[in-house]
$ cat target33.csv   # CSV, C-alpha atoms
chain,number,residue,atom,x,y,z
A,5,MET,CA,44.7,74.6,67.6
A,6,ALA,CA,47.8,76.7,67.3
A,7,VAL,CA,47.7,79.8,65.1
A,8,THR,CA,49.9,79.4,62.0
A,9,ILE,CA,51.7,81.8,59.7
A,10,LYS,CA,49.1,81.1,57.0
A,11,ASP,CA,46.3,82.2,59.5
A,12,VAL,CA,48.2,85.5,60.0
A,13,ALA,CA,48.8,86.0,56.3
A,14,LYS,CA,45.1,85.4,55.4
A,15,LYS,CA,43.8,87.9,58.0
A,16,ALA,CA,46.4,90.5,57.0
A,17,GLY,CA,45.7,90.0,53.3
A,18,VAL,CA,49.3,89.3,52.5
A,19,SER,CA,51.3,86.2,51.5
A,20,PRO,CA,52.9,83.8,54.0
A,21,SER,CA,56.3,84.8,52.6
A,22,THR,CA,55.5,88.4,53.5
A,23,VAL,CA,54.8,87.4,57.1
A,24,SER,CA,58.1,85.5,57.2
A,25,ARG,CA,59.9,88.6,56.0
A,26,VAL,CA,58.3,90.7,58.7
A,27,LEU,CA,59.5,88.2,61.3
A,28,SER,CA,63.0,88.5,60.0
A,29,ASN,CA,62.9,92.3,59.8
A,30,HIS,CA,63.5,92.2,56.0
A,31,PRO,CA,64.5,95.7,54.8
A,32,ARG,CA,62.2,95.6,51.8
A,33,ILE,CA,59.1,95.3,53.9
A,34,SER,CA,57.5,98.7,54.4
A,35,THR,CA,56.8,100.0,57.9
A,36,GLN,CA,53.1,100.1,57.2
A,37,THR,CA,53.0,96.4,56.2
A,38,SER,CA,55.2,95.4,59.1
A,39,THR,CA,53.0,97.3,61.6
A,40,LYS,CA,49.8,95.8,60.2
A,41,VAL,CA,51.2,92.2,60.2
A,42,LYS,CA,52.5,92.5,63.8
A,43,GLU,CA,49.1,93.8,64.9
A,44,ILE,CA,47.4,90.8,63.4
A,45,MET,CA,49.9,88.5,65.1
A,46,GLU,CA,49.1,90.1,68.5
A,47,GLN,CA,45.3,89.8,67.8
A,48,LEU,CA,45.6,86.2,66.9
A,49,GLY,CA,48.1,85.3,69.6
A,50,TYR,CA,50.6,84.1,67.1
A,51,HIS,CA,54.1,83.1,68.2
A,52,PRO,CA,56.8,82.2,65.7
A,53,ASN,CA,58.4,78.7,65.8
A,54,ILE,CA,61.8,79.6,67.0
A,55,MET,CA,63.3,76.3,65.8
A,56,ALA,CA,62.0,76.7,62.3
A,57,LYS,CA,63.0,80.4,62.2
A,58,SER,CA,66.6,79.6,63.3
A,59,LEU,CA,66.9,77.1,60.5
A,60,VAL,CA,66.0,79.8,58.0
A,61,SER,CA,67.9,82.7,59.5
A,62,LYS,CA,70.9,80.7,60.7
A,63,THR,CA,70.6,82.4,64.1
A,64,THR,CA,68.9,81.6,67.4
A,65,GLU,CA,68.4,85.2,68.5
A,66,SER,CA,69.6,84.1,71.9
A,67,ILE,CA,72.7,84.8,73.9
A,68,CYS,CA,74.2,83.3,77.0
A,69,ILE,CA,75.7,84.8,80.1
A,70,ILE,CA,78.6,82.9,81.6
A,71,LEU,CA,78.4,83.2,85.3
A,72,PRO,CA,81.4,83.3,87.6
A,73,LYS,CA,82.0,80.8,90.3
A,74,PRO,CA,81.4,80.2,93.2
A,75,ALA,CA,77.7,80.4,92.8
A,76,GLU,CA,77.2,82.0,96.2
A,77,GLU,CA,79.3,85.0,95.1
A,78,LEU,CA,76.9,85.7,92.2
A,79,PHE,CA,73.6,85.4,94.1
A,80,SER,CA,74.8,87.2,97.2
A,81,ASN,CA,76.3,90.2,95.3
A,82,LEU,CA,74.0,92.8,94.0
A,83,PHE,CA,76.7,93.9,91.5
A,84,PHE,CA,76.0,90.8,89.4
A,85,MET,CA,72.2,91.2,89.6
A,86,GLU,CA,72.5,94.8,88.3
A,87,LEU,CA,74.9,93.7,85.6
A,88,ILE,CA,72.5,91.0,84.4
A,89,ARG,CA,69.6,93.5,84.5
A,90,GLY,CA,71.5,95.7,82.0
A,91,ILE,CA,72.3,92.8,79.7
A,92,VAL,CA,68.8,91.4,79.7
A,93,THR,CA,67.1,94.8,79.2
A,94,GLN,CA,69.2,95.6,76.1
A,95,ALA,CA,68.9,92.0,74.7
A,96,ASN,CA,65.1,92.1,75.0
A,97,ARG,CA,64.9,95.4,73.3
A,98,SER,CA,66.9,93.8,70.4
A,99,GLY,CA,64.6,90.8,70.3
A,100,TYR,CA,67.1,88.4,71.9
A,101,ASP,CA,66.5,85.9,74.7
A,102,VAL,CA,69.1,85.3,77.4
A,103,LEU,CA,70.3,82.0,78.9
A,104,LEU,CA,72.5,81.5,81.9
A,105,SER,CA,75.5,79.1,81.9
A,106,SER,CA,77.7,78.0,84.8
A,107,GLY,CA,79.9,75.2,86.0
A,108,ALA,CA,81.3,74.0,89.3
A,109,ASN,CA,84.8,74.2,87.8
A,110,GLU,CA,86.6,75.4,84.7
A,111,LYS,CA,86.1,72.1,82.9
A,112,GLU,CA,82.4,72.1,83.5
A,113,GLU,CA,82.2,75.8,82.4
A,114,VAL,CA,83.8,75.0,79.0
A,115,GLU,CA,81.5,71.9,78.6
A,116,ALA,CA,78.4,74.0,79.3
A,117,VAL,CA,79.4,76.7,76.9
A,118,ALA,CA,80.3,74.2,74.2
A,119,ARG,CA,76.8,72.5,74.5
A,120,LEU,CA,75.1,75.9,74.0
A,121,LEU,CA,77.2,77.2,71.1
A,122,LYS,CA,78.0,73.9,69.2
A,123,GLY,CA,74.4,72.9,69.7
A,124,ARG,CA,73.3,76.2,68.2
A,125,ARG,CA,71.1,77.1,71.1
A,126,VAL,CA,72.8,80.6,71.4
A,127,ASP,CA,74.6,82.9,69.0
A,128,GLY,CA,77.2,84.3,71.4
A,129,ALA,CA,78.3,84.7,75.0
A,130,ILE,CA,79.0,87.4,77.6
A,131,LEU,CA,81.5,86.6,80.4
A,132,LEU,CA,80.8,88.4,83.7
A,133,TYR,CA,84.4,88.2,84.8
A,134,SER,CA,87.9,88.2,83.5
A,135,ARG,CA,90.7,86.0,84.8
A,136,ASN,CA,94.1,84.8,83.8
A,137,ASP,CA,94.6,81.7,81.6
A,138,ASP,CA,90.8,81.3,81.2
A,139,PRO,CA,89.9,78.1,79.3
A,140,VAL,CA,86.4,79.5,78.5
A,141,ILE,CA,87.9,82.5,76.7
A,142,GLU,CA,90.4,80.1,74.9
A,143,PHE,CA,87.5,77.9,73.7
A,144,LEU,CA,85.5,80.9,72.4
A,145,HIS,CA,88.5,82.5,70.7
A,146,GLU,CA,89.7,79.3,69.1
A,147,ASN,CA,86.3,78.4,67.7
A,148,LYS,CA,85.6,82.0,66.6
A,149,TYR,CA,82.4,82.4,68.5
A,150,PRO,CA,81.2,85.9,69.2
A,151,PHE,CA,81.8,86.9,72.8
A,152,VAL,CA,82.2,90.0,75.0
A,153,ILE,CA,84.1,90.2,78.3
A,154,VAL,CA,83.0,92.4,81.2
A,155,GLY,CA,86.5,93.3,82.2
A,156,ARG,CA,89.5,92.6,79.9
A,157,SER,CA,91.7,89.7,79.0
A,158,ASN,CA,95.5,89.9,79.4
A,159,ASP,CA,95.8,86.9,77.1
A,160,HIS,CA,93.5,88.3,74.4
A,161,PRO,CA,93.8,92.1,74.5
A,162,ASP,CA,91.9,92.4,71.2
A,163,ALA,CA,88.8,90.6,72.4
A,164,LEU,CA,85.6,92.6,72.6
A,165,SER,CA,85.3,94.0,76.2
A,166,VAL,CA,83.5,96.6,78.3
A,167,ASP,CA,85.2,97.7,81.5
A,168,THR,CA,85.9,100.4,84.1
A,169,ASP,CA,89.3,101.9,84.2
A,170,ASN,CA,89.9,100.1,87.4
A,171,VAL,CA,93.5,101.3,87.8
A,172,GLN,CA,92.4,104.9,87.7
A,173,ALA,CA,89.3,104.2,89.9
A,174,ALA,CA,91.5,102.7,92.6
A,175,TYR,CA,93.9,105.5,92.3
A,176,ASP,CA,91.1,108.0,92.8
A,177,ALA,CA,89.8,106.1,95.8
A,178,THR,CA,93.2,106.0,97.5
A,179,LYS,CA,93.9,109.6,96.6
A,180,HIS,CA,90.7,110.7,98.3
A,181,LEU,CA,91.9,109.0,101.6
A,182,ILE,CA,95.3,110.6,101.2
A,183,SER,CA,93.6,114.0,100.8
A,184,MET,CA,91.9,113.4,104.1
A,185,GLY,CA,95.3,113.1,105.8
A,186,HIS,CA,95.7,109.3,105.9
A,187,GLU,CA,99.2,108.0,105.5
A,188,ARG,CA,98.7,104.4,106.6
A,189,ILE,CA,96.2,102.9,104.0
A,190,GLY,CA,95.4,99.2,103.7
A,191,PHE,CA,93.8,97.3,100.9
A,192,VAL,CA,91.2,94.5,101.1
A,193,SER,CA,91.4,92.8,97.7
A,194,GLY,CA,89.6,90.0,95.8
A,195,PRO,CA,91.0,86.8,94.2
A,196,PRO,CA,94.5,87.5,92.8
A,197,ASN,CA,93.8,85.7,89.5
A,198,LEU,CA,91.0,88.1,88.6
A,199,THR,CA,92.0,91.1,86.4
A,200,VAL,CA,89.8,93.5,88.4
A,201,SER,CA,91.7,92.6,91.6
A,202,GLN,CA,95.0,93.1,89.9
A,203,ASP,CA,94.0,96.4,88.3
A,204,ARG,CA,92.6,97.9,91.6
A,205,MET,CA,95.7,96.8,93.4
A,206,LYS,CA,97.8,98.6,90.8
A,207,GLY,CA,95.8,101.8,91.2
A,208,TYR,CA,96.1,101.6,95.0
A,209,GLN,CA,99.8,101.1,94.9
A,210,LYS,CA,100.4,103.8,92.3
A,211,ALA,CA,98.6,106.4,94.5
A,212,LEU,CA,100.7,105.5,97.5
A,213,VAL,CA,104.0,105.7,95.5
A,214,ASP,CA,103.0,109.0,93.9
A,215,ALA,CA,102.3,110.4,97.4
A,216,GLY,CA,105.6,109.0,98.8
A,217,LEU,CA,103.7,106.9,101.3
A,218,GLU,CA,104.8,103.6,102.8
A,219,MET,CA,103.3,100.4,101.3
A,220,ARG,CA,103.3,97.4,103.7
A,221,PRO,CA,102.5,93.8,102.7
A,222,GLU,CA,100.7,93.2,105.9
A,223,TRP,CA,98.2,96.0,105.1
A,224,ILE,CA,97.0,94.0,102.0
A,225,VAL,CA,94.6,91.1,102.5
A,226,GLU,CA,93.3,89.0,99.6
A,227,GLY,CA,90.0,87.0,99.5
A,228,GLU,CA,86.8,86.5,97.6
A,229,PHE,CA,84.1,89.0,96.6
A,230,LEU,CA,82.0,87.9,99.7
A,231,GLN,CA,81.1,89.5,103.0
A,232,ASP,CA,82.9,86.8,104.9
A,233,SER,CA,86.2,87.8,103.3
A,234,GLY,CA,85.9,91.4,104.6
A,235,TYR,CA,84.8,90.1,108.0
A,236,ARG,CA,87.8,87.8,108.3
A,237,ALA,CA,90.2,90.4,107.1
A,238,MET,CA,89.4,92.7,110.0
A,239,SER,CA,90.6,90.1,112.6
A,240,PHE,CA,94.0,90.3,111.0
A,241,ILE,CA,94.3,93.9,110.1
A,242,MET,CA,93.0,95.4,113.3
A,243,SER,CA,95.4,93.2,115.4
A,244,LEU,CA,98.4,94.7,113.8
A,245,PRO,CA,100.6,96.8,116.1
A,246,ASN,CA,100.9,99.5,113.4
A,247,ARG,CA,97.5,99.1,111.7
A,248,PRO,CA,96.1,101.3,108.9
A,249,THR,CA,93.9,104.3,109.6
A,250,ALA,CA,92.0,103.8,106.3
A,251,LEU,CA,91.1,101.0,103.9
A,252,VAL,CA,90.4,100.7,100.2
A,253,VAL,CA,88.0,97.8,99.8
A,254,VAL,CA,87.7,96.0,96.5
A,255,ASP,CA,83.9,95.6,96.5
A,256,ASP,CA,80.8,96.9,98.4
A,257,MET,CA,79.7,93.5,99.5
A,258,VAL,CA,83.2,92.9,101.0
A,259,SER,CA,82.8,96.3,102.7
A,260,PHE,CA,79.7,95.1,104.5
A,261,GLY,CA,81.7,92.3,106.0
A,262,VAL,CA,84.4,94.8,106.9
A,263,LEU,CA,81.8,96.9,108.8
A,264,ARG,CA,80.5,93.9,110.6
A,265,GLY,CA,84.0,92.8,111.6
A,266,LEU,CA,84.9,96.2,112.9
A,267,HIS,CA,81.6,96.5,114.8
A,268,GLU,CA,82.3,93.2,116.6
A,269,LEU,CA,85.8,94.3,117.4
A,270,ASN,CA,84.4,97.6,118.8
A,271,PHE,CA,85.9,99.9,116.2
A,272,LYS,CA,83.9,102.7,114.7
A,273,VAL,CA,83.8,103.9,111.1
A,274,PRO,CA,85.0,106.6,110.4
A,275,ASP,CA,86.2,107.5,114.0
A,276,ASP,CA,88.7,104.6,114.3
A,277,ILE,CA,89.2,103.8,110.6
A,278,CYS,CA,87.9,105.2,107.3
A,279,LEU,CA,87.1,103.2,104.1
A,280,VAL,CA,86.3,103.6,100.5
A,281,SER,CA,84.8,100.8,98.3
A,282,PHE,CA,83.8,100.0,94.8
A,283,ASN,CA,80.6,99.5,92.7
A,284,ASN,CA,78.2,101.9,94.6
A,285,ILE,CA,75.4,99.3,94.8
A,286,THR,CA,72.2,100.6,96.4
A,287,LEU,CA,72.9,99.2,99.8
A,288,SER,CA,76.1,101.1,100.1
A,289,GLU,CA,74.2,104.4,100.6
A,290,LEU,CA,71.9,102.7,103.1
A,291,SER,CA,74.5,101.0,105.3
A,292,THR,CA,75.6,102.3,108.7
A,293,PRO,CA,77.5,104.4,108.1
A,294,PRO,CA,76.9,105.1,104.4
A,295,ILE,CA,79.9,103.9,102.4
A,296,SER,CA,82.0,106.1,100.1
A,297,SER,CA,82.1,104.1,96.9
A,298,ILE,CA,83.3,104.3,93.3
A,299,ASP,CA,80.2,104.3,91.0
A,300,ILE,CA,81.3,102.2,88.0
A,301,GLY,CA,78.0,102.4,86.1
A,302,ILE,CA,77.1,98.7,86.6
A,303,TYR,CA,73.8,98.7,84.6
A,304,HIS,CA,75.6,100.6,81.8
A,305,LEU,CA,78.4,98.0,81.7
A,306,GLY,CA,75.8,95.2,81.2
A,307,TYR,CA,73.8,97.1,78.7
A,308,THR,CA,76.8,98.0,76.6
A,309,ALA,CA,78.2,94.5,76.7
A,310,SER,CA,74.9,93.2,75.3
A,311,GLN,CA,74.8,95.9,72.6
A,312,MET,CA,78.4,95.0,71.5
A,313,LEU,CA,77.7,91.3,71.4
A,314,ILE,CA,74.4,91.5,69.4
A,315,GLN,CA,75.9,94.0,67.0
A,316,ASN,CA,78.9,91.6,66.5
A,317,ILE,CA,76.5,88.7,65.9
A,318,GLN,CA,74.5,90.6,63.4
A,319,ASN,CA,77.3,92.4,61.6
A,320,GLY,CA,80.5,90.5,62.3
A,321,GLU,CA,83.6,92.6,62.0
A,322,ASP,CA,81.6,95.4,60.3
A,323,THR,CA,80.7,97.3,63.5
A,324,ASN,CA,81.1,100.8,64.7
A,325,TYR,CA,82.3,99.7,68.2
A,326,GLN,CA,85.8,100.0,69.4
A,327,THR,CA,87.2,96.7,70.6
A,328,ARG,CA,87.3,98.0,74.2
A,329,GLN,CA,84.7,100.2,75.7
A,330,ILE,CA,85.4,102.1,79.0
A,331,ILE,CA,82.5,103.2,81.1
A,332,PRO,CA,83.3,106.4,83.2
A,333,HIS,CA,83.4,106.1,87.0
A,334,ARG,CA,83.0,108.7,89.8
A,335,LEU,CA,83.6,108.7,93.5
A,336,MET,CA,80.6,109.0,95.7
A,337,ILE,CA,81.8,110.5,99.0
A,338,ARG,CA,79.8,109.5,102.1
A,339,GLU,CA,80.3,109.3,105.9
A,340,SER,CA,82.7,106.2,105.9
A,341,SER,CA,85.6,108.4,104.7
A,342,MET,CA,84.7,111.8,106.0
A,343,LEU,CA,87.0,112.0,109.0
A,344,SER,CA,90.0,114.1,108.3
A,345,LEU,CA,93.3,113.4,110.1
A,346,PRO,CA,95.6,116.3,111.0
A,347,LYS,CA,98.5,116.5,108.5
A,348,ARG,CA,102.0,116.1,109.9
$ encode --input "target33.csv" --output "structure tokens"
Amino acid sequence: MAVTIKDVAKKAGVSPSTVSRVLSNHPRISTQTSTKVKEIMEQLGYHPNIMAKSLVSKTTESICIILPKPAEELFSNLFFMELIRGIVTQANRSGYDVLLSSGANEKEEVEAVARLLKGRRVDGAILLYSRNDDPVIEFLHENKYPFVIVGRSNDHPDALSVDTDNVQAAYDATKHLISMGHERIGFVSGPPNLTVSQDRMKGYQKALVDAGLEMRPEWIVEGEFLQDSGYRAMSFIMSLPNRPTALVVVDDMVSFGVLRGLHELNFKVPDDICLVSFNNITLSELSTPPISSIDIGIYHLGYTASQMLIQNIQNGEDTNYQTRQIIPHRLMIRESSMLSLPKR
């Protein structure tokens, strides 16, 4: 037979209402009483009825993560795994469970999120991406549901968000290659509708303009955040009669495809072409050669997004957070960009 709240109260020598207050972290319950009741719960193996608790507290103590599409991008990119690890770690420490939500297209994404929030299965949502004209963000904004964007929204600049200064990060990556003597620098980008792709493109372009360097359209290739995109980009870029001597690549996973493509074409990094990438996932340091990469603090991005959302759920507008949080970045210089060219 399942252990009830009355069983816990009897063994702890308190009333059932006191046990309920302990479960809801009521401020009038002393630390001594709270500790004692929780110890009894653990001894008896008591688990609160979440459905009943949510009816009383008006919260589910659950949040959802809205996954990007396509699905293969998520599960093949360690960036998202580390981001989710940060979210889940902080949510669990705050006593919140985490659900995942996805859809094959934008319509399905909105429907899935609507089921979770309108059905009171979660209290708020974290979007792992930011894109233009996003119907999911519009739905969340119009219905006044708590949400946090990992990135930023051009359409809703006041929405809660946690991000990297991607313009400055790309500027720093490009500036590093310029400092190594490179004047012909290409850019392997992500989907053009994603804010992160747009911002990193701006930083790359700004660095070239500030240095008085040429910027050629054929040196820029757009794709997905997948290895295959980097792999395919090399067939085009390396066939150019006046090809770049260095590349800024939008993501480490894309860089792995770049390295594979260059290897099959018999080009060596950094001897024939140098590159700098983004995110500094673990494998970037273990690749051959090790990849220079911008460390954007992926785990910290996820952890902070979770903190912001849960505080917003609990306190509404009365929070100490700024609307937009920027996580510092730093350039990790490795072998892939360490060949200097003679300056003209």
$ atom_distance --input "target33.csv" --atom1 "CA of Val280 (chain A)" --atom2 "CA of Ile295 (chain A)"
6.7 Å
$ residues_near_point --input "target33.csv" --point "(53.1, 95.8, 56.7)" --cutoff "12 Å" --atoms "only C-alpha atoms" --output "ChimeraX atom specification"
/A:12-13,16-19,22-27,29-45
$ closest_atom_pairs --input "target33.csv" --of "region 285-344 of chain A" --to "region 155-177 of chain A" --cutoff "7 Å" --atoms "only C-alpha atoms" --output "Markdown table"
| residue | atom | partner | partner_atom | distance |
| --- | --- | --- | --- | --- |
| A:Ile298 | CA | A:Ala173 | CA | 6.9 |
| A:Ile300 | CA | A:Thr168 | CA | 6.3 |
| A:Leu305 | CA | A:Val166 | CA | 6.3 |
| A:Ala309 | CA | A:Val166 | CA | 5.9 |
| A:Thr327 | CA | A:Leu164 | CA | 4.8 |
| A:Arg328 | CA | A:Ser165 | CA | 4.9 |
| A:Gln329 | CA | A:Val166 | CA | 4.6 |
| A:Ile330 | CA | A:Asp167 | CA | 5.1 |
| A:Ile331 | CA | A:Thr168 | CA | 5.3 |
| A:Pro332 | CA | A:Thr168 | CA | 6.6 |
| A:His333 | CA | A:Ala173 | CA | 6.8 |
$ closest_residue --input "target33.csv" --among "A:Asn81, A:Thr308, A:Asn270, A:Thr249" --to "Glu228 (chain A)" --atoms "all atoms listed in the file"
A:Asn81
$ residues_around --input "target33.csv" --residues "Tyr307 (chain A)" --least-positions-apart "6" --cutoff "7 Å" --atoms "all atoms listed in the file" --output "list of chain:residue names"
A:Gly90, A:Ile91, A:Gln94
$ residues_around --input "target33.csv" --residues "region 267-269 of chain A" --least-positions-apart "3" --cutoff "12 Å" --atoms "only C-alpha atoms" --output "ChimeraX atom specification"
/A:235-243,260-264,272-277,292-293
$ write_last_selection --input "target33.csv" --atoms "C-alpha atoms" --output "PDB file, in the frame of the given file"
ATOM      1  CA  TYR A 235      84.800  90.100 108.000  1.00  0.00           C
ATOM      2  CA  ARG A 236      87.800  87.800 108.300  1.00  0.00           C
ATOM      3  CA  ALA A 237      90.200  90.400 107.100  1.00  0.00           C
ATOM      4  CA  MET A 238      89.400  92.700 110.000  1.00  0.00           C
ATOM      5  CA  SER A 239      90.600  90.100 112.600  1.00  0.00           C
ATOM      6  CA  PHE A 240      94.000  90.300 111.000  1.00  0.00           C
ATOM      7  CA  ILE A 241      94.300  93.900 110.100  1.00  0.00           C
ATOM      8  CA  MET A 242      93.000  95.400 113.300  1.00  0.00           C
ATOM      9  CA  SER A 243      95.400  93.200 115.400  1.00  0.00           C
ATOM     10  CA  PHE A 260      79.700  95.100 104.500  1.00  0.00           C
ATOM     11  CA  GLY A 261      81.700  92.300 106.000  1.00  0.00           C
ATOM     12  CA  VAL A 262      84.400  94.800 106.900  1.00  0.00           C
ATOM     13  CA  LEU A 263      81.800  96.900 108.800  1.00  0.00           C
ATOM     14  CA  ARG A 264      80.500  93.900 110.600  1.00  0.00           C
ATOM     15  CA  LYS A 272      83.900 102.700 114.700  1.00  0.00           C
ATOM     16  CA  VAL A 273      83.800 103.900 111.100  1.00  0.00           C
ATOM     17  CA  PRO A 274      85.000 106.600 110.400  1.00  0.00           C
ATOM     18  CA  ASP A 275      86.200 107.500 114.000  1.00  0.00           C
ATOM     19  CA  ASP A 276      88.700 104.600 114.300  1.00  0.00           C
ATOM     20  CA  ILE A 277      89.200 103.800 110.600  1.00  0.00           C
ATOM     21  CA  THR A 292      75.600 102.300 108.700  1.00  0.00           C
ATOM     22  CA  PRO A 293      77.500 104.400 108.100  1.00  0.00           C
TER      23      PRO A 293
END
$ closest_atom_pairs --input "target33.csv" --of "region 218-330 of chain A" --to "region 124-140 of chain A" --cutoff "8 Å" --atoms "all atoms listed in the file" --output "CSV"
residue,atom,partner,partner_atom,distance
A:Ala309,CA,A:Ile130,CA,7.2
A:Ser310,CA,A:Ile130,CA,7.5
A:Leu313,CA,A:Gly128,CA,7.0
A:Ile314,CA,A:Gly128,CA,8.0
A:Ile317,CA,A:Asp127,CA,6.8
$ atom_distance --input "target33.csv" --atom1 "CA of Ile88 (chain A)" --atom2 "CA of Ile302 (chain A)"
9.2 Å
$ atom_distance --input "target33.csv" --atom1 "CA of Val200 (chain A)" --atom2 "CA of Phe84 (chain A)"
14.1 Å
$ closest_residue --input "target33.csv" --among "A:Ser296, A:Asn197, A:Thr286, A:Ser80" --to "Val253 (chain A)" --atoms "all atoms listed in the file"
A:Ser296
$ closest_residue --input "target33.csv" --among "A:Phe229, A:Phe271, A:Tyr303, A:Phe282" --to "Asp256 (chain A)" --atoms "only C-alpha atoms"
A:Phe282
$ residues_around --input "target33.csv" --residues "Leu121 (chain A)" --least-positions-apart "2" --cutoff "12 Å" --atoms "only C-alpha atoms" --output "short mmCIF file (atom, residue, chain, number, x, y, z; two decimals) with C-alpha atoms, keeping the file's coordinate frame"
data_model
loop_
_atom_site.label_atom_id
_atom_site.label_comp_id
_atom_site.auth_asym_id
_atom_site.auth_seq_id
_atom_site.Cartn_x
_atom_site.Cartn_y
_atom_site.Cartn_z
CA THR A 63 70.60 82.40 64.10
CA THR A 64 68.90 81.60 67.40
CA SER A 66 69.60 84.10 71.90
CA ILE A 67 72.70 84.80 73.90
CA CYS A 68 74.20 83.30 77.00
CA ILE A 69 75.70 84.80 80.10
CA LEU A 103 70.30 82.00 78.90
CA SER A 105 75.50 79.10 81.90
CA VAL A 114 83.80 75.00 79.00
CA GLU A 115 81.50 71.90 78.60
CA ALA A 116 78.40 74.00 79.30
CA VAL A 117 79.40 76.70 76.90
CA ALA A 118 80.30 74.20 74.20
CA ARG A 119 76.80 72.50 74.50
CA GLY A 123 74.40 72.90 69.70
CA ARG A 124 73.30 76.20 68.20
CA ARG A 125 71.10 77.10 71.10
CA VAL A 126 72.80 80.60 71.40
CA ASP A 127 74.60 82.90 69.00
CA GLY A 128 77.20 84.30 71.40
CA ALA A 129 78.30 84.70 75.00
CA PHE A 143 87.50 77.90 73.70
CA LEU A 144 85.50 80.90 72.40
CA ASN A 147 86.30 78.40 67.70
CA LYS A 148 85.60 82.00 66.60
CA TYR A 149 82.40 82.40 68.50
CA PRO A 150 81.20 85.90 69.20
CA PHE A 151 81.80 86.90 72.80
#
$ closest_residue --input "target33.csv" --among "A:Ile9, A:Leu120, A:Leu217, A:Leu230" --to "Pro195 (chain A)" --atoms "all atoms listed in the file"
A:Leu230
$ residues_around --input "target33.csv" --residues "Met342 (chain A)" --least-positions-apart "3" --cutoff "9 Å" --atoms "only C-alpha atoms" --output "ChimeraX atom specification"
/A:181,184,274,278,296,337-339
$ closest_residue --input "target33.csv" --among "A:His51, A:Lys14, A:Lys179, A:Arg334" --to "Gln209 (chain A)" --atoms "only C-alpha atoms"
A:Lys179
$ closest_residue --input "target33.csv" --among "A:Leu266, A:Phe83, A:Pro72, A:Trp223" --to "Pro245 (chain A)" --atoms "all atoms listed in the file"
A:Trp223
$ residues_near_point --input "target33.csv" --point "(94.7, 104.8, 107.3)" --cutoff "9 Å" --atoms "all atoms listed in the file" --output "count of residues only"
16
